[in-house]
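Trainee: input01.txt (compact mmCIF, C-alpha atoms) pasted underneath:
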```txt
# COMPACT_ATOMS: atom_id res chain seq x y z
CA MET Z 662 1.34 47.52 -2.03
CA PRO Z 663 -1.15 49.86 -0.30
CA GLU Z 664 -0.19 51.59 2.92
CA ALA Z 665 -0.72 49.31 5.91
CA ALA Z 666 -3.70 50.17 8.13
CA PHE Z 667 -3.67 48.53 11.55
CA ARG Z 668 -5.36 49.43 14.82
CA PHE Z 669 -4.31 48.06 18.19
CA GLY Z 670 -6.26 48.22 21.44
CA ASP Z 671 -5.30 47.19 24.95
CA MET Z 672 -5.49 43.61 26.17
CA PRO Z 673 -8.15 43.02 28.84
CA ALA Z 674 -7.25 41.82 32.32
CA PRO Z 675 -6.71 38.04 32.56
CA LEU Z 676 -9.60 35.77 33.47
CA PRO Z 677 -10.04 35.78 37.28
CA PRO Z 678 -9.81 32.28 38.78
CA GLU Z 679 -13.01 32.85 40.80
CA LEU Z 680 -15.00 33.34 37.60
CA ARG Z 681 -13.58 30.14 36.15
CA ALA Z 682 -14.68 28.33 39.31
CA LEU Z 683 -18.11 30.00 39.23
CA ALA Z 684 -18.75 28.82 35.67
CA ASP Z 685 -17.38 25.30 36.17
CA GLY Z 686 -19.88 22.91 34.58
CA LEU Z 687 -22.30 25.71 33.71
CA GLU Z 688 -23.95 25.21 30.32
CA PRO Z 689 -24.73 28.20 28.05
CA ALA Z 690 -28.23 26.78 27.44
CA ALA Z 691 -28.93 26.94 31.18
CA LEU Z 692 -28.29 30.67 31.00
CA GLY Z 693 -30.44 30.70 27.85
CA HIS Z 694 -33.45 30.22 30.14
CA LEU Z 695 -32.54 33.43 31.99
CA LEU Z 696 -31.03 35.74 29.37
CA ASP Z 697 -32.28 36.92 25.97
CA ASP Z 698 -29.18 38.34 24.31
CA GLY Z 699 -25.48 37.73 23.82
CA PHE Z 700 -25.87 34.34 22.12
CA THR Z 701 -24.41 33.31 18.78
CA GLY Z 702 -26.89 32.16 16.17
CA PRO Z 703 -27.06 28.90 14.22
CA ARG Z 704 -24.53 30.14 11.65
CA HIS Z 705 -21.72 29.41 14.11
CA ARG Z 706 -21.20 25.69 14.64
CA HIS Z 707 -18.93 23.86 17.02
CA LEU Z 708 -16.58 22.13 14.58
CA ALA Z 709 -13.87 20.63 16.77
CA GLY Z 710 -12.42 20.40 20.24
CA ARG Z 711 -13.90 19.61 23.64
CA ARG Z 712 -17.67 19.69 23.89
CA GLU Z 713 -17.89 20.52 27.57
CA PRO Z 714 -18.55 24.15 28.63
CA SER Z 715 -15.52 26.40 28.35
CA LEU Z 716 -15.20 29.90 29.83
CA GLY Z 717 -12.72 32.50 28.62
CA MET Z 718 -11.85 36.19 28.65
CA VAL Z 719 -12.61 37.64 25.22
CA VAL Z 720 -9.76 38.93 23.08
CA THR Z 721 -10.91 40.20 19.69
CA CYS Z 722 -9.43 40.84 16.28
CA ARG Z 723 -10.86 41.95 12.95
CA SER Z 724 -9.32 40.21 9.95
CA PRO Z 725 -10.64 41.69 6.69
CA GLY Z 726 -10.51 40.11 3.27
CA ALA Z 727 -7.71 37.69 2.42
CA ASP Z 728 -5.19 39.13 4.92
CA ASN Z 729 -4.95 37.19 8.18
CA ALA Z 730 -1.69 38.62 9.53
CA ILE Z 731 -3.62 40.16 12.44
CA VAL Z 732 -4.86 36.69 13.47
CA HIS Z 733 -1.26 35.51 13.75
CA HIS Z 734 -0.53 38.55 15.91
CA ALA Z 735 -3.59 37.91 18.07
CA VAL Z 736 -2.67 34.27 18.65
CA SER Z 737 0.84 35.33 19.65
CA ARG Z 738 -0.65 37.55 22.40
CA LEU Z 739 -2.99 34.95 23.93
CA ARG Z 740 -2.69 34.00 27.59
CA PRO Z 741 -4.17 31.04 29.51
CA GLY Z 742 -7.93 31.56 29.79
CA ASP Z 743 -8.27 33.92 26.82
CA PHE Z 744 -11.02 33.28 24.25
CA LEU Z 745 -10.28 34.57 20.74
CA VAL Z 746 -13.08 36.09 18.66
CA VAL Z 747 -12.24 36.80 15.01
CA ALA Z 748 -14.53 39.14 13.07
CA ARG Z 749 -14.53 38.78 9.30
CA ASP Z 750 -16.05 40.66 6.37
CA ALA Z 751 -19.41 39.18 5.44
CA ASP Z 752 -18.28 38.46 1.89
CA SER Z 753 -14.85 36.98 2.73
CA PRO Z 754 -14.78 33.33 1.56
CA GLU Z 755 -11.27 32.54 2.83
CA ALA Z 756 -10.35 30.64 5.98
CA CYS Z 757 -8.38 32.89 8.31
CA LEU Z 758 -7.56 30.06 10.74
CA GLY Z 759 -6.41 26.49 10.37
CA GLY Z 760 -4.48 23.78 12.17
CA GLY Z 761 -1.26 25.71 12.75
CA LEU Z 762 -2.87 28.74 14.36
CA ALA Z 763 -5.22 26.56 16.39
CA LEU Z 764 -2.30 24.49 17.69
CA ALA Z 765 -0.41 27.64 18.69
CA ALA Z 766 -3.54 28.98 20.44
CA GLU Z 767 -4.02 25.72 22.33
CA ARG Z 768 -0.40 25.74 23.46
CA ALA Z 769 -0.94 29.28 24.77
CA GLY Z 770 -3.79 28.04 26.97
CA CYS Z 771 -6.61 29.50 24.87
CA ALA Z 772 -10.11 28.60 26.12
CA GLY Z 773 -11.73 28.70 22.68
CA ILE Z 774 -11.88 30.40 19.29
CA LEU Z 775 -14.91 31.71 17.43
CA VAL Z 776 -14.43 32.78 13.81
CA ASP Z 777 -17.19 34.70 12.04
CA GLY Z 778 -16.39 32.89 8.81
CA PRO Z 779 -15.02 29.56 7.60
CA VAL Z 780 -11.92 27.76 8.85
CA THR Z 781 -9.75 25.03 7.35
CA ASP Z 782 -7.73 21.93 8.36
CA VAL Z 783 -10.65 20.34 10.17
CA GLN Z 784 -8.77 17.05 10.43
CA GLU Z 785 -6.04 18.84 12.42
CA LEU Z 786 -8.54 20.82 14.47
CA ARG Z 787 -10.20 17.56 15.56
CA GLN Z 788 -6.90 16.37 17.01
CA LEU Z 789 -6.89 19.30 19.47
CA ALA Z 790 -8.83 19.83 22.69
CA LEU Z 791 -9.24 23.52 21.82
CA PRO Z 792 -12.91 24.19 20.94
CA VAL Z 793 -13.45 26.01 17.64
CA TRP Z 794 -16.68 27.56 16.39
CA ALA Z 795 -17.04 28.82 12.80
CA THR Z 796 -19.57 29.19 10.02
CA GLY Z 797 -18.16 26.34 7.96
CA LEU Z 798 -15.14 24.88 6.20
CA THR Z 799 -13.12 25.75 3.11
CA ALA Z 800 -9.81 24.88 1.47
CA LEU Z 801 -9.32 28.50 0.35
CA THR Z 802 -6.99 30.19 2.81
CA CYS Z 803 -5.97 33.72 3.74
CA LYS Z 804 -2.40 34.94 3.30
CA ARG Z 805 -0.26 37.22 5.47
CA HIS Z 806 -0.22 40.42 3.44
CA TYR Z 807 0.41 42.68 6.47
CA GLU Z 808 -1.93 45.31 5.08
CA ARG Z 809 -4.98 45.64 7.36
CA GLY Z 810 -6.38 44.43 10.63
CA GLU Z 811 -7.50 45.38 14.12
CA PHE Z 812 -6.65 43.88 17.50
CA CYS Z 813 -8.55 44.17 20.78
CA VAL Z 814 -11.27 46.44 19.42
CA PRO Z 815 -15.08 46.17 19.72
CA VAL Z 816 -16.66 43.93 17.08
CA THR Z 817 -20.23 42.99 16.22
CA ILE Z 818 -21.25 39.44 15.33
CA ASP Z 819 -24.86 38.41 14.62
CA GLY Z 820 -26.03 41.72 16.06
CA THR Z 821 -24.17 41.15 19.33
CA ASP Z 822 -21.65 43.81 20.32
CA ILE Z 823 -18.54 42.11 21.69
CA VAL Z 824 -15.84 44.06 23.47
CA PRO Z 825 -12.51 42.79 24.80
CA GLY Z 826 -12.92 41.87 28.44
CA VAL Z 827 -16.40 40.35 28.31
CA LEU Z 828 -16.69 36.64 28.99
CA ALA Z 829 -17.37 33.88 26.48
CA LEU Z 830 -19.05 30.68 27.68
CA GLY Z 831 -19.31 28.06 24.96
CA ASP Z 832 -20.09 24.40 24.38
CA GLU Z 833 -21.21 22.38 21.37
CA ASN Z 834 -24.57 24.20 21.34
CA GLY Z 835 -23.06 27.66 20.87
CA VAL Z 836 -21.39 30.57 22.61
CA LEU Z 837 -22.74 33.16 25.03
CA PHE Z 838 -21.03 36.52 25.50
CA VAL Z 839 -21.80 37.91 28.93
CA ASP Z 840 -20.23 40.42 31.32
CA SER Z 841 -19.00 39.32 34.72
CA ILE Z 842 -21.80 41.14 36.57
CA ARG Z 843 -24.55 39.21 34.78
CA LEU Z 844 -22.66 35.93 35.07
CA ARG Z 845 -22.31 36.34 38.82
CA ALA Z 846 -25.99 37.28 39.10
CA CYS Z 847 -27.27 34.31 37.09
CA ALA Z 848 -24.83 31.46 37.70
CA ALA Z 849 -26.41 30.04 40.86
CA GLU Z 850 -29.93 29.97 39.42
CA ALA Z 851 -28.70 28.50 36.13
CA LYS Z 852 -26.84 25.71 37.95
CA ALA Z 853 -29.95 25.01 40.03
CA ARG Z 854 -31.94 24.70 36.80
CA GLN Z 855 -29.39 22.22 35.46
CA ALA Z 856 -29.67 20.12 38.60
CA ALA Z 857 -33.48 20.21 38.51
CA GLN Z 858 -33.43 19.21 34.85
CA THR Z 859 -31.32 16.15 35.61
CA GLU Z 860 -33.82 15.06 38.26
CA ARG Z 861 -36.78 15.79 35.95
CA TYR Z 862 -35.29 13.71 33.14
CA ALA Z 863 -34.91 10.79 35.53
CA ARG Z 864 -38.60 11.00 36.40
CA VAL Z 865 -39.59 11.19 32.71
CA ARG Z 866 -37.54 8.05 32.04
CA ALA Z 867 -39.47 6.43 34.89
CA GLY Z 868 -42.76 7.21 33.18
CA ALA Z 869 -43.79 10.69 34.34
CA ARG Z 870 -45.11 13.22 31.80
CA LEU Z 871 -42.82 16.21 31.26
CA ALA Z 872 -45.79 18.58 30.91
CA ALA Z 873 -47.06 17.48 34.31
CA LEU Z 874 -43.67 18.00 35.95
CA ASN Z 875 -42.85 21.42 34.52
CA GLY Z 876 -46.24 23.04 35.07
CA THR Z 877 -47.45 23.02 31.47
CA ASP Z 878 -50.47 20.80 32.20
CA GLU Z 879 -51.52 23.06 35.07
CA ALA Z 880 -51.13 26.22 33.00
CA PHE Z 881 -53.19 24.88 30.09
CA ALA Z 882 -55.87 23.62 32.45
CA ARG Z 883 -56.35 27.22 33.58
CA ILE Z 884 -56.30 28.49 30.00
CA LEU Z 885 -58.93 25.96 28.91
CA ALA Z 886 -61.09 26.68 31.97
CA GLU Z 887 -61.06 30.38 31.24
CA ALA Z 888 -61.84 29.77 27.55
CA ALA Z 889 -64.86 27.67 28.52
CA ARG Z 890 -66.45 30.46 30.57
```
Can the structure in the file be given as structure tokens, please?
Mentor:
Amino acid sequence: MPEAAFRFGDMPAPLPPELRALADGLEPAALGHLLDDGFTGPRHRHLAGRREPSLGMVVTCRSPGADNAIVHHAVSRLRPGDFLVVARDADSPEACLGGGLALAAERAGCAGILVDGPVTDVQELRQLALPVWATGLTALTCKRHYERGEFCVPVTIDGTDIVPGVLALGDENGVLFVDSIRLRACAAEAKARQAAQTERYARVRAGARLAALNGTDEAFARILAEAAR
């Protein structure tokens, strides 16, 4: 057996209750109108768990190859409000997380788990409220070899640098990684956009044209007028 190579960082501070309250009901897509980075791409799908927005304090681990011992360690360290992000090697086909680990994470109060690779036991995952995002499903599983892994270290997923202590806001559309400063700066406007959207949809159902309500008709009228000069 090769010499074990592990790296351990410090846990971030727990999720402040005021941030949980600030993000209550806030959808990642509402922030998608205001921010351009920090979002997961279409590779990561919501596979199970609650669909409503969930906010958590990011705890990371890097689980390379077929060894997922570090994921077991990470789950054992989770606190209420933590959001686990698991980085994987791009060519690793194994599932590093399944029903048992997800159940343990839910019991610890985990806000969500994103795995940059496939997971397994989807039938068991669907019995939990814990939201799980992953790239797909497989029956091939990792084993605990206790050889390599990293805990609470910076990771990069889909070009987004993710460090322990940033926030993860996720729903069935995807996950946004954002620091507390930007969340505080954008939350009020994003919630206002959500409220305005609800009202706009009601008017569209009543027969109004969306392009007339959101300014698109007015903008293209100007564009066409200028083109006709």
Trainee: Give me, please, the distance in Å between atom CA of Z:Val719 and atom CA of Z:Ala829, quoted to one decimal.
Mentor: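 A separation of 6.2 Å between them.
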Trainee: Applying 10 Å and only C-alpha atoms, which residues near Z:Val827 remain after dropping the ones on its own chain fewer than 2 positions away? List them as an NGL selection string.
Mentor: :Z and (673 or 676 or 717-720 or 744 or 823-825 or 829 or 838-842)
Trainee: Hey, what's within 10 Å of stretch 779-792 of chain Z if we count all atoms listed in the file and toss same-chain stuff fewer than 5 positions away? As a ChimeraX atom specification, please?
Mentor: /Z:705,707-715,744,749,753-764,766-768,770-774,797-803,831-833
Trainee: Can you work out the spacing between atom CA of Z:Leu695 and atom CA of Z:Ile818 in Å, to one decimal?
Mentor: 21.0 Å
Trainee: I'd like the box whose edges run along x, y and z of the file and which contains every listed atom of stretch 825-830 of chain Z, padded by 5 Å per side; could you state its centre and edge lengths in Å, one decimal, as lines of an AutoDock Vina configuration file?
Mentor:
```
center_x = -15.8
center_y = 36.7
center_z = 26.9
size_x = 16.5
size_y = 22.1
size_z = 14.2
```
Trainee: Which is closest to Z:Gly826 among Z:Leu745, Z:Leu683, Z:Ala690, Z:Ala795, if we use only C-alpha atoms?
Mentor: Z:Leu745
Trainee: Quick one: pull the distance between atom CA of Z:Ala851 and atom CA of Z:Asp685, Å, one decimal.
Mentor: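 For atom CA of Z:Ala851 relative to atom CA of Z:Asp685, the distance reads 11.8 Å.
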Trainee: Which of these residues is nearest to Z:Leu775, using all atoms listed in the file: Z:Ala691, Z:Ala730, Z:Val836, Z:Val814?
Mentor: Z:Val836
Trainee: Can you work out which one of Z:Pro677, Z:Gly742, Z:Gly810, Z:Pro689 has the shortest atom-to-atom distance to Z:Pro725, counting only C-alpha atoms?
Mentor: Z:Gly810
Trainee: Which one is closest to Z:Ile731: Z:Arg704, Z:Arg864, Z:Arg805, Z:His694? Count only C-alpha atoms.
Mentor: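 Of Z:Arg704, Z:Arg864, Z:Arg805, Z:His694, the one nearest Z:Ile731 is Z:Arg805, counting only C-alpha atoms.
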